[in-house]
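Have a look at the structure below, then the notes.
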Amino acid sequence: MARFRSGYSGFTDLGCRPTGKDIVCSFYVKPSKGISIRGAAERIAGESSVGTWTEVGTMNKGIHEKAARVFEIKGNWVKVAYPGVLFEPGNMPQIMSSIAGNIFGMKDVEKLRLHDVKWPKHIVKSFRGPRFGVQGIRKMLKVPKRPLVGTIIKPKLGLSHREHAKVAYEAWAGGCDIVKDDENLSNQSFNRFNDRIRLTLKMRDKAEKETGEKKIYMPNVTAETNEMLKRARFVKAQGGRYIMVDILTCGWSGLQTLRDADLGMVMHAHRAGHAAFTRGMHGISMLVVADIARLIGVDQLHVGTVVGKMEGGKEEVMDLVEEMEKDFIPDKPGRHKLSERWHGVKPVFAVCSGGLHPGHVPKLVRMLGKDIIIQMGGGIHGHPDGTRAGATAARQAVDAVLRGQKLKAYAKRHSELAKAIRTWGI
C-alpha cells in the first residue's frame with residue numbers, strides 16, 4: 001500500500017493488484033488545466049472513498065488502508081480499486097454515491113466518465129438479478145429461437161384507453177408478440193391507468209385466442225415508489241404478466257423496491273433520460289447503467305439500435321447486447337473476456353427500439369443475433385394499411401431473415417412487407 005498521508009495524497013499504488021473483493025472502476029479522465037493525470041486520479045480515488053481536500057486529525061493509518069487506490073494509468077484511462085468494505089451490499093444508491101458521486105463536480109477534472117465497473121462476487125450476490133431473463137421469457141412466450149417482435153403504442157400520448165386497447169389488439173392480431181406503453185404514458189386524465197389495463201388485457205386475451213400465440217402487454221407503472229407498487233399489483237391482479245418501468249427517472253431505490261417486491265412478473269426496463277449523462281465524455285456509460293439494471297433484476301433493457309433514430313454507434317450497441325446476454329463482465333474499454341463471471345445472474349433480453357421499421361430487420365439480426373426484441377413504433381403504426389398490416393410486415397421481415405431470404409424477394413409474395421419497403425426502404 002502507498003505511504004500513509006491525508007488529504008488527496010497517497011491514493012496511488014501502480015504496483016498493486018485488485019483483490020477479489022474490490023470494486024474496480026475504469027474512468028476516462030481529462031484533468032483541468034494545471035492538474036496532472038496522476039493528480040486528478042488521486043483526487044478521484046480520495047474523494048470517492050476516505051479522502052478529503054485537506055489534512056484532518058481524524059485520519060489514521062487504519063482508515064487510509066481502506067481507501068481506494070489508483071493502480072493503473074494509461075493515457076487518459078485510469079483504473080481505481082475500491083475495497084469491498086467501503087460498500088453496503090445490496091444498496092445500489094450507496095454504491096453509486098461513492099463511485100459516481102461528488103467526483104463529477106470536482107474542479108480538478110474537466111471531463112470524467114465512469115466507463116466500466118467490475119463487480120466482485122459478494123456485491124453481485126447481494127442483489128436479486130433477473131427473475132426470468134432471456135430463457136424465462138422465451139419459455140413464457142413459447143418462442144424458443146426467433147427475435148421477438150414488439151410495438152409501442154403511437155402516438156405516444158393522446159389516445160383514450162379504448163383507442164389504446166384497440167391499437168394493441170390490431171398489433172397482436174397482425175403478428176406482434178409484445179405491445180408496450182410509451183415511456184411518458186402513465187395515468188393521464190384522457191387515459192386512466194386502471195381502465196387502460198383492464199381493457200388492454202382483455203384485448204390481449206382475445207388476440208391470444210384468435211392467433212393461438214402468447215401475447216404480452218407491458219404497461220408503464222412508473223410513478224412514486226408506493227404508487228408504482230400499487231400499480232404493479234393491480235396489473236398482476238388483472239392477469240398481467242409484465243410491467244414496464246423507466247429505471248432512471250424512478251431511480252435505483254425505486255427499482256430495487258419494485259424488484260424486491262417479487263411480484264412474479266417480467267420487468268421491462270426503459271432507459272428514458274440516459275443520454276443526459278451517457279452521451280459524451282462526462283458522465284456514466286450506458287454499459288454501467290446496464291450492469292446496474294441487471295444486478296438489481298430487470299429482465300429486459302433498451303440498448304439502442306445503431307440503425308434507428310437514437311444516438312449510439314455500432315460498437316456501443318453490440319457491447320451492450322453482449323454485456324446483457326452473455327455470462328461475463330467487460331475487462332477493459334472495448335474488449336471482453338470470459339475470465340470473470342456473473343456468478344449465476346441470468347442474462348437480460350436486449351431490446352432494440354427507436355425509429356425502426358421492417359427494412360432494418362436483416363441488419364439488426366446480422367449485427368446483434370437472434371436473442372433480441374425488435375420494437376417498432378412508427379414503423380408499424382405508420383404502415384400505409386394501418387397497424388395490423390404494419391405488424392404483419394414486421395413479422396414477415398423476421399420470417400424472411402430466419403429463412404435466409406432477401407427482403408425484396410420475400411416481399412414479392414407478401415404484400416404487407418412490400419408496402420413497408422416501398423414506404424421506408426431497406
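For the C-alpha cells, the naming scheme is as follows: chains receive sequential letters (A, B, ...) according to their order of presentation, residues are indexed from 1 within each chain, and ligands are indexed from 1 in presentation order.
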What lies within 12 Å of Ser98 (chain A) using only C-alpha atoms, ignoring chain neighbours under 3 positions off, as a PyMOL selection string? chain A and resi 23+25+44-51+67-68+82-84+86-88+91-95+101-104+114
Generate a file of the selected residues that holds N, CA and C atoms, formatted as a short mmCIF file (atom, residue, chain, number, x, y, z; two decimals), in the first residue's frame.
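After the write, out28.cif holds the following:
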```cif
data_model
loop_
_atom_site.label_atom_id
_atom_site.label_comp_id
_atom_site.auth_asym_id
_atom_site.auth_seq_id
_atom_site.Cartn_x
_atom_site.Cartn_y
_atom_site.Cartn_z
N ILE A 23 -14.29 -3.51 -5.80
CA ILE A 23 -15.00 -2.99 -6.97
C ILE A 23 -13.97 -2.22 -7.79
N CYS A 25 -13.17 0.20 -10.98
CA CYS A 25 -13.80 1.14 -11.89
C CYS A 25 -12.79 1.66 -12.92
N ILE A 44 -9.75 11.78 -7.51
CA ILE A 44 -10.94 10.95 -7.75
C ILE A 44 -10.99 9.81 -6.74
N ALA A 45 -9.89 9.09 -6.57
CA ALA A 45 -9.86 7.98 -5.64
C ALA A 45 -10.09 8.44 -4.21
N GLY A 46 -9.48 9.57 -3.84
CA GLY A 46 -9.64 10.06 -2.48
C GLY A 46 -11.04 10.54 -2.20
N GLU A 47 -11.59 11.39 -3.08
CA GLU A 47 -12.93 11.95 -2.86
C GLU A 47 -14.00 10.88 -2.86
N SER A 48 -13.82 9.83 -3.62
CA SER A 48 -14.85 8.79 -3.71
C SER A 48 -14.66 7.69 -2.67
N SER A 49 -13.67 7.84 -1.79
CA SER A 49 -13.52 6.84 -0.72
C SER A 49 -13.37 7.52 0.63
N VAL A 50 -12.14 7.63 1.17
CA VAL A 50 -11.98 8.12 2.55
C VAL A 50 -11.34 9.50 2.63
N GLY A 51 -10.97 10.09 1.48
CA GLY A 51 -10.21 11.33 1.50
C GLY A 51 -11.05 12.57 1.66
N ALA A 67 -8.78 2.86 1.89
CA ALA A 67 -9.01 3.80 0.80
C ALA A 67 -8.97 3.14 -0.57
N ALA A 68 -9.63 3.78 -1.53
CA ALA A 68 -9.47 3.39 -2.93
C ALA A 68 -8.04 3.70 -3.36
N TYR A 82 -11.61 -0.19 -5.36
CA TYR A 82 -12.26 0.21 -4.11
C TYR A 82 -12.44 -1.02 -3.23
N PRO A 83 -11.85 -1.05 -2.04
CA PRO A 83 -12.05 -2.20 -1.15
C PRO A 83 -13.54 -2.42 -0.86
N GLY A 84 -13.94 -3.68 -0.86
CA GLY A 84 -15.34 -4.02 -0.66
C GLY A 84 -15.92 -3.51 0.64
N LEU A 86 -15.87 -0.69 1.85
CA LEU A 86 -16.42 0.66 1.71
C LEU A 86 -17.90 0.66 1.35
N PHE A 87 -18.44 -0.50 0.98
CA PHE A 87 -19.79 -0.53 0.43
C PHE A 87 -20.74 -1.38 1.27
N GLU A 88 -21.99 -0.96 1.23
CA GLU A 88 -23.05 -1.76 1.86
C GLU A 88 -23.65 -2.68 0.80
N ASN A 91 -27.09 -2.28 -1.59
CA ASN A 91 -27.52 -0.88 -1.54
C ASN A 91 -26.92 -0.13 -2.73
N MET A 92 -27.60 -0.19 -3.87
CA MET A 92 -27.05 0.45 -5.06
C MET A 92 -26.95 1.96 -4.95
N PRO A 93 -27.90 2.66 -4.32
CA PRO A 93 -27.72 4.10 -4.17
C PRO A 93 -26.44 4.46 -3.42
N GLN A 94 -26.10 3.71 -2.39
CA GLN A 94 -24.87 3.99 -1.65
C GLN A 94 -23.64 3.72 -2.50
N ILE A 95 -23.66 2.62 -3.23
CA ILE A 95 -22.52 2.29 -4.09
C ILE A 95 -22.30 3.39 -5.13
N GLY A 101 -20.31 9.81 -7.50
CA GLY A 101 -20.95 10.87 -6.74
C GLY A 101 -20.27 12.22 -6.93
N ASN A 102 -19.67 12.74 -5.85
CA ASN A 102 -19.06 14.07 -5.86
C ASN A 102 -18.00 14.26 -6.94
N ILE A 103 -17.38 13.18 -7.36
CA ILE A 103 -16.23 13.28 -8.26
C ILE A 103 -16.54 14.01 -9.56
N PHE A 104 -17.80 13.94 -10.01
CA PHE A 104 -18.14 14.59 -11.28
C PHE A 104 -18.20 16.11 -11.16
N LEU A 114 -17.29 7.57 -16.02
CA LEU A 114 -17.22 6.21 -15.47
C LEU A 114 -17.60 5.27 -16.59
#
```
I need the residues in region 17-215 of chain A that are strand (DSSP E or B) according to DSSP; give them as a ChimeraX atom specification. /A:23-31,69-74,77-82,109-118,148-152,178-180,188,191
Those residues with C-alpha atoms, as a compact mmCIF listing (two decimals), in the first residue's frame please?
```txt
# COMPACT_ATOMS: atom_id res chain seq x y z
CA ILE A 23 -15.00 -2.99 -6.97
CA VAL A 24 -12.82 -1.94 -9.92
CA CYS A 25 -13.80 1.14 -11.89
CA SER A 26 -12.43 2.31 -15.24
CA PHE A 27 -12.55 6.08 -15.76
CA TYR A 28 -11.79 8.37 -18.65
CA VAL A 29 -10.17 11.43 -17.10
CA LYS A 30 -9.38 14.80 -18.66
CA PRO A 31 -7.70 16.88 -15.93
CA ARG A 69 -6.21 3.25 -4.86
CA VAL A 70 -5.27 4.12 -8.41
CA PHE A 71 -3.48 1.05 -9.77
CA GLU A 72 -3.31 1.80 -13.50
CA ILE A 73 -2.89 4.93 -15.62
CA LYS A 74 -2.74 4.64 -19.41
CA TRP A 77 -7.68 5.98 -18.85
CA VAL A 78 -7.48 5.34 -15.12
CA LYS A 79 -8.41 2.28 -13.09
CA VAL A 80 -9.33 2.54 -9.43
CA ALA A 81 -9.83 -0.34 -6.98
CA TYR A 82 -12.26 0.21 -4.11
CA VAL A 109 -11.38 17.41 -13.70
CA GLU A 110 -12.62 18.97 -16.93
CA LYS A 111 -14.14 15.70 -18.16
CA LEU A 112 -14.76 12.49 -16.25
CA ARG A 113 -16.58 9.38 -17.44
CA LEU A 114 -17.22 6.21 -15.47
CA HIS A 115 -16.82 3.80 -18.34
CA ASP A 116 -16.93 0.38 -16.74
CA VAL A 117 -17.26 -1.44 -13.42
CA LYS A 118 -16.06 -4.91 -12.46
CA LEU A 148 -39.36 -11.24 -30.61
CA VAL A 149 -41.43 -8.58 -32.36
CA GLY A 150 -42.96 -5.74 -30.41
CA THR A 151 -44.51 -2.34 -30.83
CA ILE A 152 -45.02 0.82 -28.82
CA ILE A 178 -45.40 -7.61 -27.47
CA VAL A 179 -47.24 -4.32 -27.08
CA LYS A 180 -45.98 -1.71 -24.64
CA GLN A 188 -53.31 10.94 -17.54
CA ASN A 191 -56.23 7.64 -20.45
```
Excluding Ile197 (chain A) and any residue of its chain fewer than 3 positions from it, enumerate the residues within 12 Å of it, using only C-alpha atoms, and give them as a ChimeraX atom specification. /A:160-162,164-165,168,180-181,186-187,191-194,200-204,217-221,231-243
Next, dump the selected residues to file, keeping only C-alpha atoms, as a compact mmCIF listing (two decimals), in the first residue's frame.
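Saved result, again13.txt, follows:
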```
# COMPACT_ATOMS: atom_id res chain seq x y z
CA SER A 160 -58.06 7.22 -24.84
CA HIS A 161 -57.91 3.87 -23.05
CA ARG A 162 -60.38 2.46 -25.57
CA HIS A 164 -55.19 2.36 -26.90
CA ALA A 165 -56.66 -1.12 -26.38
CA ALA A 168 -52.90 -3.00 -29.14
CA LYS A 180 -45.98 -1.71 -24.64
CA ASP A 181 -46.85 1.72 -23.36
CA SER A 186 -48.95 6.71 -17.03
CA ASN A 187 -52.31 7.86 -15.58
CA ASN A 191 -56.23 7.64 -20.45
CA ARG A 192 -56.64 6.38 -16.89
CA PHE A 193 -54.23 3.65 -15.83
CA ASN A 194 -56.75 1.18 -14.36
CA THR A 200 -55.99 -3.82 -22.98
CA LEU A 201 -55.54 -7.13 -21.16
CA LYS A 202 -58.98 -8.19 -22.39
CA MET A 203 -57.82 -7.43 -25.91
CA ARG A 204 -54.67 -9.45 -25.24
CA TYR A 217 -48.74 -6.29 -22.74
CA MET A 218 -46.17 -4.13 -20.95
CA PRO A 219 -47.92 -1.33 -19.03
CA ASN A 220 -45.81 1.52 -17.71
CA VAL A 221 -46.08 1.51 -13.91
CA ARG A 231 -49.99 -0.16 -9.97
CA ALA A 232 -47.81 -3.23 -10.44
CA ARG A 233 -50.01 -5.23 -8.07
CA PHE A 234 -53.08 -4.06 -9.98
CA VAL A 235 -51.58 -5.32 -13.24
CA LYS A 236 -50.92 -8.70 -11.65
CA ALA A 237 -54.46 -8.89 -10.24
CA GLN A 238 -55.84 -8.28 -13.74
CA GLY A 239 -53.82 -11.18 -15.16
CA GLY A 240 -50.84 -9.22 -16.43
CA ARG A 241 -47.51 -11.00 -16.84
CA TYR A 242 -45.29 -7.97 -17.49
CA ILE A 243 -44.62 -4.50 -16.16
```
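The residue that comes closest to Ile35 (chain A), out of A:Asp371, A:Asp246, A:Asp260, A:Asp108 and on the basis of only C-alpha atoms, is A:Asp108.
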Residue contacts of Pro130 (chain A) (7 Å, only C-alpha atoms) excluding same-chain residues fewer than 2 positions away, as a list of chain:residue names: A:Arg128, A:Phe132, A:Gly133, A:Arg294, A:Gly297, A:Val298, A:Asp299, A:Val345, A:Lys346
Output file for the selection above: C-alpha atoms, as a compact mmCIF listing (two decimals), in the first residue's frame:
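Final file, again_21.txt:
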```
# COMPACT_ATOMS: atom_id res chain seq x y z
CA ARG A 128 -31.63 -10.34 -6.82
CA PHE A 132 -36.85 -14.61 -15.75
CA GLY A 133 -34.11 -13.46 -18.09
CA ARG A 294 -29.07 -6.40 -14.49
CA GLY A 297 -33.07 -7.51 -11.57
CA VAL A 298 -34.67 -6.26 -14.79
CA ASP A 299 -35.41 -8.91 -17.41
CA VAL A 345 -27.11 -13.86 -12.61
CA LYS A 346 -29.44 -14.54 -15.54
```
